[in-house]
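Asks: Below is the file final_12.txt, with compact mmCIF, C-alpha atoms and all ligand atoms.
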# COMPACT_ATOMS: atom_id res chain seq x y z
CA MET T 270 59.20 -13.87 -58.60
CA LYS T 271 60.30 -14.52 -55.04
CA TYR T 272 58.54 -17.18 -53.11
CA ARG T 273 56.35 -15.71 -50.38
CA LEU T 274 55.17 -17.54 -47.37
CA LYS T 275 51.50 -18.24 -47.31
CA ASP T 276 49.19 -16.47 -44.96
CA PHE T 277 50.61 -16.94 -41.46
CA HIS T 278 47.23 -16.26 -39.86
CA ARG T 279 45.42 -18.96 -41.74
CA ASN T 280 43.25 -19.81 -38.74
CA ILE T 281 41.97 -16.30 -38.28
CA SER T 282 38.40 -15.89 -39.50
CA ASP T 283 37.36 -13.30 -42.05
CA SER T 284 35.34 -11.48 -39.46
CA ASP T 285 38.33 -11.27 -37.11
CA LEU T 286 40.38 -9.68 -39.85
CA LEU T 287 37.64 -7.24 -40.82
CA GLY T 288 36.92 -6.56 -37.18
CA ASP T 289 40.52 -5.57 -36.56
CA LEU T 290 40.42 -3.37 -39.63
CA LYS T 291 37.42 -1.58 -38.18
CA THR T 292 39.05 -1.30 -34.76
CA VAL T 293 42.05 0.50 -36.19
CA ALA T 294 39.84 2.66 -38.46
CA GLU T 295 37.68 3.66 -35.51
CA LYS T 296 40.76 4.45 -33.43
CA LEU T 297 41.98 6.79 -36.15
CA GLY T 298 38.49 8.09 -36.82
CA THR T 299 38.58 7.32 -40.54
CA ASN T 300 36.74 5.22 -43.08
CA LYS T 301 39.53 5.42 -45.58
CA LEU T 302 42.22 3.46 -43.83
CA SER T 303 45.37 2.94 -45.87
CA SER T 304 47.34 -0.28 -45.54
CA ARG T 305 50.22 1.74 -44.17
CA GLU T 306 48.04 3.40 -41.52
CA TYR T 307 46.81 -0.02 -40.53
CA ASN T 308 50.33 -1.40 -40.15
CA ASP T 309 51.58 1.67 -38.29
CA ASN T 310 48.69 1.95 -35.85
CA GLY T 311 48.50 -1.32 -34.05
CA GLY T 312 46.89 -3.59 -36.61
CA LYS T 313 47.06 -7.10 -35.18
CA TYR T 314 47.79 -8.66 -38.57
CA THR T 315 49.66 -7.33 -41.56
CA SER T 316 47.98 -5.47 -44.39
CA GLY T 317 49.44 -8.15 -46.64
CA THR T 318 47.60 -10.87 -44.76
CA ILE T 319 44.33 -8.99 -45.10
CA ALA T 320 44.83 -8.15 -48.76
CA ALA T 321 45.70 -11.76 -49.52
CA ARG T 322 42.60 -13.03 -47.80
CA PHE T 323 40.14 -10.77 -49.56
CA GLY T 324 41.86 -10.34 -52.91
CA SER T 325 42.96 -6.77 -52.34
CA TRP T 326 43.23 -4.16 -49.63
CA ASN T 327 40.39 -2.16 -51.15
CA ILE T 328 38.03 -5.10 -51.24
CA ALA T 329 38.78 -5.73 -47.58
CA LEU T 330 38.05 -2.07 -46.83
CA GLU T 331 34.81 -2.27 -48.73
CA MET T 332 33.75 -5.37 -46.87
CA ALA T 333 34.60 -3.82 -43.51
CA GLU T 334 32.70 -0.65 -44.33
CA LEU T 335 29.79 -2.64 -45.54
CA SER T 336 29.41 -4.24 -42.17
CA LEU T 337 29.73 -0.80 -40.57
CA VAL T 338 26.75 0.29 -42.61
CA HIS T 339 24.88 -2.73 -41.39
CA GLN T 340 25.41 -1.86 -37.76
CA ARG T 341 22.10 -1.25 -36.07
CA GLU T 342 21.17 2.39 -35.89
CA VAL T 343 20.20 3.77 -32.51
CA SER T 344 16.62 5.03 -32.55
CA LYS T 345 15.37 8.32 -31.13
CA GLU T 346 13.38 6.36 -28.56
CA GLU T 347 16.52 4.61 -27.36
CA LEU T 348 18.34 7.92 -27.08
CA LEU T 349 15.44 9.43 -25.12
CA GLU T 350 15.24 6.44 -22.79
CA ASN T 351 18.96 6.67 -22.20
CA LEU T 352 18.60 10.36 -21.37
CA GLU T 353 15.85 9.44 -18.92
CA HIS T 354 18.24 7.03 -17.23
CA VAL T 355 21.08 9.60 -17.11
CA TRP T 356 18.79 12.31 -15.74
CA ILE T 357 17.67 10.04 -12.92
CA SER T 358 21.18 8.89 -12.05
CA ILE T 359 22.61 12.39 -11.78
CA GLY T 360 19.38 13.95 -10.56
CA ARG T 361 19.47 16.97 -12.85
CA GLN T 362 19.47 18.07 -16.44
CA PRO T 363 22.50 16.43 -18.07
CA VAL T 364 25.03 18.61 -19.83
CA PHE T 365 27.06 17.56 -22.87
CA ARG T 366 29.98 16.22 -20.85
CA ASP T 367 27.73 14.06 -18.62
CA MET T 368 26.97 11.87 -21.60
CA ARG T 369 29.71 9.35 -21.21
CA SER T 370 30.20 5.82 -19.97
CA PRO T 371 29.29 4.34 -17.55
CA ILE T 372 26.37 6.72 -16.83
CA SER T 373 25.37 7.09 -20.47
CA LYS T 374 25.21 4.41 -23.12
CA TYR T 375 25.43 6.96 -25.91
CA SER T 376 27.62 9.98 -26.47
CA ALA T 377 26.24 13.50 -26.74
CA HIS T 378 27.51 13.42 -30.29
CA GLN T 379 24.91 10.77 -31.16
CA TYR T 380 22.19 13.17 -29.99
CA VAL T 381 23.64 15.87 -32.21
CA VAL T 382 23.55 13.51 -35.18
CA LYS T 383 20.00 12.34 -34.51
CA PHE T 384 18.33 15.56 -33.38
CA GLY T 385 20.45 18.18 -35.16
CA ALA T 386 21.87 19.66 -31.96
CA TRP T 387 22.36 18.67 -28.33
CA ARG T 388 19.86 21.34 -27.31
CA LYS T 389 17.30 19.94 -29.74
CA GLY T 390 17.77 16.50 -28.23
CA LEU T 391 16.99 17.98 -24.82
CA GLU T 392 13.92 19.74 -26.21
CA ALA T 393 12.66 16.50 -27.71
CA PHE T 394 13.25 14.87 -24.35
CA VAL T 395 11.23 17.45 -22.40
CA GLU T 396 8.38 16.94 -24.84
CA TYR T 397 8.66 13.17 -24.44
CA ILE T 398 8.65 13.40 -20.64
CA ASN T 399 5.70 15.76 -20.53
CA SER T 400 3.61 13.76 -22.94
CA ASP T 401 0.73 11.83 -21.46
CA TYR T 402 1.95 9.10 -19.13
CA THR T 403 -1.32 8.10 -17.48
CA LYS T 404 -1.78 5.13 -19.78
CA GLU T 405 1.55 3.70 -18.74
CA GLU T 406 0.93 4.26 -15.03
CA ASN T 407 -2.57 2.85 -15.03
CA VAL T 408 -1.67 -0.76 -15.55
CA PRO T 409 -3.66 -3.03 -13.22
CA VAL T 410 -1.80 -3.74 -10.02
CA THR T 411 -1.45 -6.94 -8.10
CA ILE T 412 -2.46 -5.76 -4.67
CA LEU T 413 -0.67 -7.31 -1.73
CA LYS T 414 -2.79 -8.71 1.06
CA THR T 415 -1.87 -5.95 3.50
CA GLU T 416 -2.88 -3.37 0.94
CA GLU T 417 -6.16 -4.94 0.03
CA ALA T 418 -8.06 -2.08 1.57
CA PHE T 419 -6.88 0.18 -1.21
CA LYS T 420 -7.63 -0.39 -4.81
CA HIS T 421 -4.85 1.48 -6.47
CA LYS T 422 -5.26 3.01 -9.86
CA THR T 423 -1.53 3.22 -10.40
CA ARG T 424 1.53 1.04 -10.03
CA ARG T 425 3.44 1.27 -6.79
CA PHE T 426 6.74 2.33 -8.31
CA PRO T 427 7.00 5.35 -10.56
CA SER T 428 8.09 4.84 -14.14
CA GLU T 429 11.35 6.38 -15.28
CA ARG T 430 9.34 9.03 -17.04
CA LEU T 431 7.44 9.99 -13.92
CA LYS T 432 10.69 10.13 -11.96
CA VAL T 433 12.10 12.65 -14.40
CA GLN T 434 8.90 14.68 -14.16
CA VAL T 435 9.33 14.87 -10.38
CA LEU T 436 12.98 15.85 -10.81
CA MET T 437 12.03 18.48 -13.38
CA ARG T 438 9.48 19.95 -11.01
CA ASP T 439 11.43 19.83 -7.76
CA GLY T 440 15.09 19.57 -8.75
CA ASN T 441 17.34 16.99 -7.14
CA LYS T 442 16.90 18.30 -3.62
CA CYS T 443 15.34 16.69 -0.58
CA ARG T 444 12.01 18.41 -0.06
CA LEU T 445 12.58 18.45 3.71
CA CYS T 446 16.23 19.36 4.24
CA GLY T 447 17.22 20.71 0.85
CA ALA T 448 20.23 18.43 0.48
CA THR T 449 21.35 18.01 -3.13
CA LEU T 450 21.04 14.36 -4.14
CA ILE T 451 22.39 12.09 -6.86
CA GLY T 452 22.01 8.47 -7.86
CA ASP T 453 20.80 6.05 -5.21
CA SER T 454 20.35 8.80 -2.62
CA ILE T 455 17.38 10.13 -4.58
CA ASN T 456 14.17 8.65 -3.14
CA PHE T 457 10.85 9.08 -4.85
CA ASP T 458 8.50 9.24 -1.89
CA HIS T 459 4.73 8.96 -1.87
CA ILE T 460 3.44 12.01 0.05
CA THR T 461 0.34 10.06 0.98
CA PRO T 462 1.88 6.64 1.53
CA TRP T 463 1.09 3.89 -0.91
CA SER T 464 0.01 1.72 2.00
CA LYS T 465 -2.56 4.36 2.91
CA GLY T 466 -4.00 4.55 -0.56
CA GLY T 467 -1.69 7.18 -2.01
CA GLU T 468 -1.30 6.93 -5.74
CA THR T 469 1.84 7.04 -7.84
CA THR T 470 1.18 10.38 -9.46
CA LEU T 471 3.22 13.51 -10.00
CA GLU T 472 1.11 15.29 -7.38
CA ASN T 473 1.70 12.61 -4.78
CA LEU T 474 5.44 12.16 -5.27
CA GLN T 475 8.30 14.10 -3.76
CA ILE T 476 12.08 13.82 -3.56
CA LEU T 477 13.56 12.83 -0.21
CA CYS T 478 17.12 12.10 0.94
CA ASN T 479 17.89 8.67 2.45
CA ASN T 480 17.60 9.94 6.03
CA HIS T 481 14.27 11.62 5.56
CA ASN T 482 12.92 8.72 3.55
CA LEU T 483 13.81 6.33 6.37
CA ALA T 484 12.55 8.69 9.03
CA LYS T 485 9.29 9.17 7.26
CA GLY T 486 8.29 5.55 6.99
CA ASN T 487 4.58 5.62 6.63
CA LEU T 488 4.06 8.94 8.36
CA GLU T 489 2.46 11.70 6.43
CA TYR T 490 4.14 15.04 6.11
CA PRO T 491 2.14 18.13 5.38
CA LYS T 492 2.32 19.14 1.74
ZN ZN G 501 16.47 15.33 3.72
Would it be possible to restate this file's structure as structure tokens?

Replies:
Amino acid sequence: MKYRLKDFHRNISDSDLLGDLKTVAEKLGTNKLSSREYNDNGGKYTSGTIAARFGSWNIALEMAELSLVHQREVSKEELLENLEHVWISIGRQPVFRDMRSPISKYSAHQYVVKFGAWRKGLEAFVEYINSDYTKEENVPVTILKTEEAFKHKTRRFPSERLKVQVLMRDGNKCRLCGATLIGDSINFDHITPWSKGGETTLENLQILCNNHNLAKGNLEYPK
């Protein structure tokens, strides 16, 4: 038997080796990575190094897959909250291809896996948004001195859920000029100003562009 040099990467930790195995497997979209595929597709180490460390290539694969299984699963709630965030940042109902980084933390594919279909994910979302939110809004408020005259029943700033409800009702257009808005240019304006006792409710919120939001200040516009 020929003498073989010992593991060159002796200082590399087990988790680094397994991590690289997973990286290459994910890149190729497979769970059944062969040693040859690993070597040919940018593995940082050699399959021999990995096999030597764990006893065999298959044991290494098993260990890597095991930790894949242990990866935290994304819950439906997290997916719905993410959709809430995406809806608000683009100002409209997201389509499949909107669900990508950096706007979305999760791919549309994850919604398909969790809800059965992209459309079903959206349906679950609409139900979630339209479910009762009053509890969440009615948290006691610390009232600023200047606002002491009004005892608000709601928080000053709308929750993400309420924002989506306003967007669902009005679309992402300024109520005054009709400009189509996205991201930071979407302002959720109190029709009756907060400082004049207006509450943070669906009925009292409207979408305004930056210009109209600034111009409005504390003035009241007719509904
Ligand atoms: Zn406007």

Asks: How would you write, as a list in words, the set of residues no farther than 10 Å from ligand ZN 501 (chain G) when counting all atoms listed in the file?

Replies: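 After applying the 10 Å limit, what remains is Lys442, Cys443, Arg444, Leu445, Cys446, Gly447, Ala448, Thr449, Leu450, Ser454, Ile455, Asn456, Ile476, Leu477, Cys478, Asn479, Asn480, His481, Asn482, Leu483 and Ala484 of chain T.
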
Asks: Name the closest residue to Leu290 in chain T among the candidates T:Arg369, T:Arg425, T:Lys432, T:Arg305; distances are taken between atoms, counting only C-alpha atoms.

Replies: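 Distance minimum relative to Leu290 in chain T lands on T:Arg305.
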
Asks: Do a neighbour search on Leu431 in chain T at 9 Å with all atoms listed in the file, toss out local chain neighbours closer than 4 positions, and write the hits as a PyMOL selection string.

Replies: chain T and resi 398-399+402+406+427+435-436+469-471

Asks: Kindly export the residues of the current selection with C-alpha atoms, as a CSV table (one decimal), in the frame of the given file.

Replies:
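So result-v8.csv came out as:
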chain,number,residue,atom,x,y,z
T,398,ILE,CA,8.6,13.4,-20.6
T,399,ASN,CA,5.7,15.8,-20.5
T,402,TYR,CA,2.0,9.1,-19.1
T,406,GLU,CA,0.9,4.3,-15.0
T,427,PRO,CA,7.0,5.4,-10.6
T,435,VAL,CA,9.3,14.9,-10.4
T,436,LEU,CA,13.0,15.8,-10.8
T,469,THR,CA,1.8,7.0,-7.8
T,470,THR,CA,1.2,10.4,-9.5
T,471,LEU,CA,3.2,13.5,-10.0

Asks: Would you mind telling me which residue in T:Met332, T:Leu297, T:Leu349, T:Leu286 lies nearest to Lys374 in chain T when using only C-alpha atoms?

Replies: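 Among the listed residues, T:Leu349 lies closest to Lys374 in chain T.
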
Asks: Separation of CA of Ser304 in chain T and CA of Ser316 in chain T, in Å?

Replies: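 Between CA of Ser304 in chain T and CA of Ser316 in chain T the gap is 5.4 Å.
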
Asks: Do you know which residues are at most 10 Å from Val355 in chain T counting all atoms listed in the file, after dropping those on the same chain fewer than 2 positions away, and could you put them as a ChimeraX atom specification?

Replies: /T:349-353,357-363,367-369,371-374,433,452

Asks: Measure the distance from CA of Ser284 in chain T to CA of Leu302 in chain T in Å and round it to one decimal.

Replies: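 Spanning CA of Ser284 in chain T to CA of Leu302 in chain T is a straight-line distance of 17.0 Å.
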
Asks: Rank nothing, just name the residue among T:Thr423, T:Thr315, T:Asn327, T:Ser428 nearest to Asp289 in chain T, using all atoms listed in the file.

Replies: T:Thr315
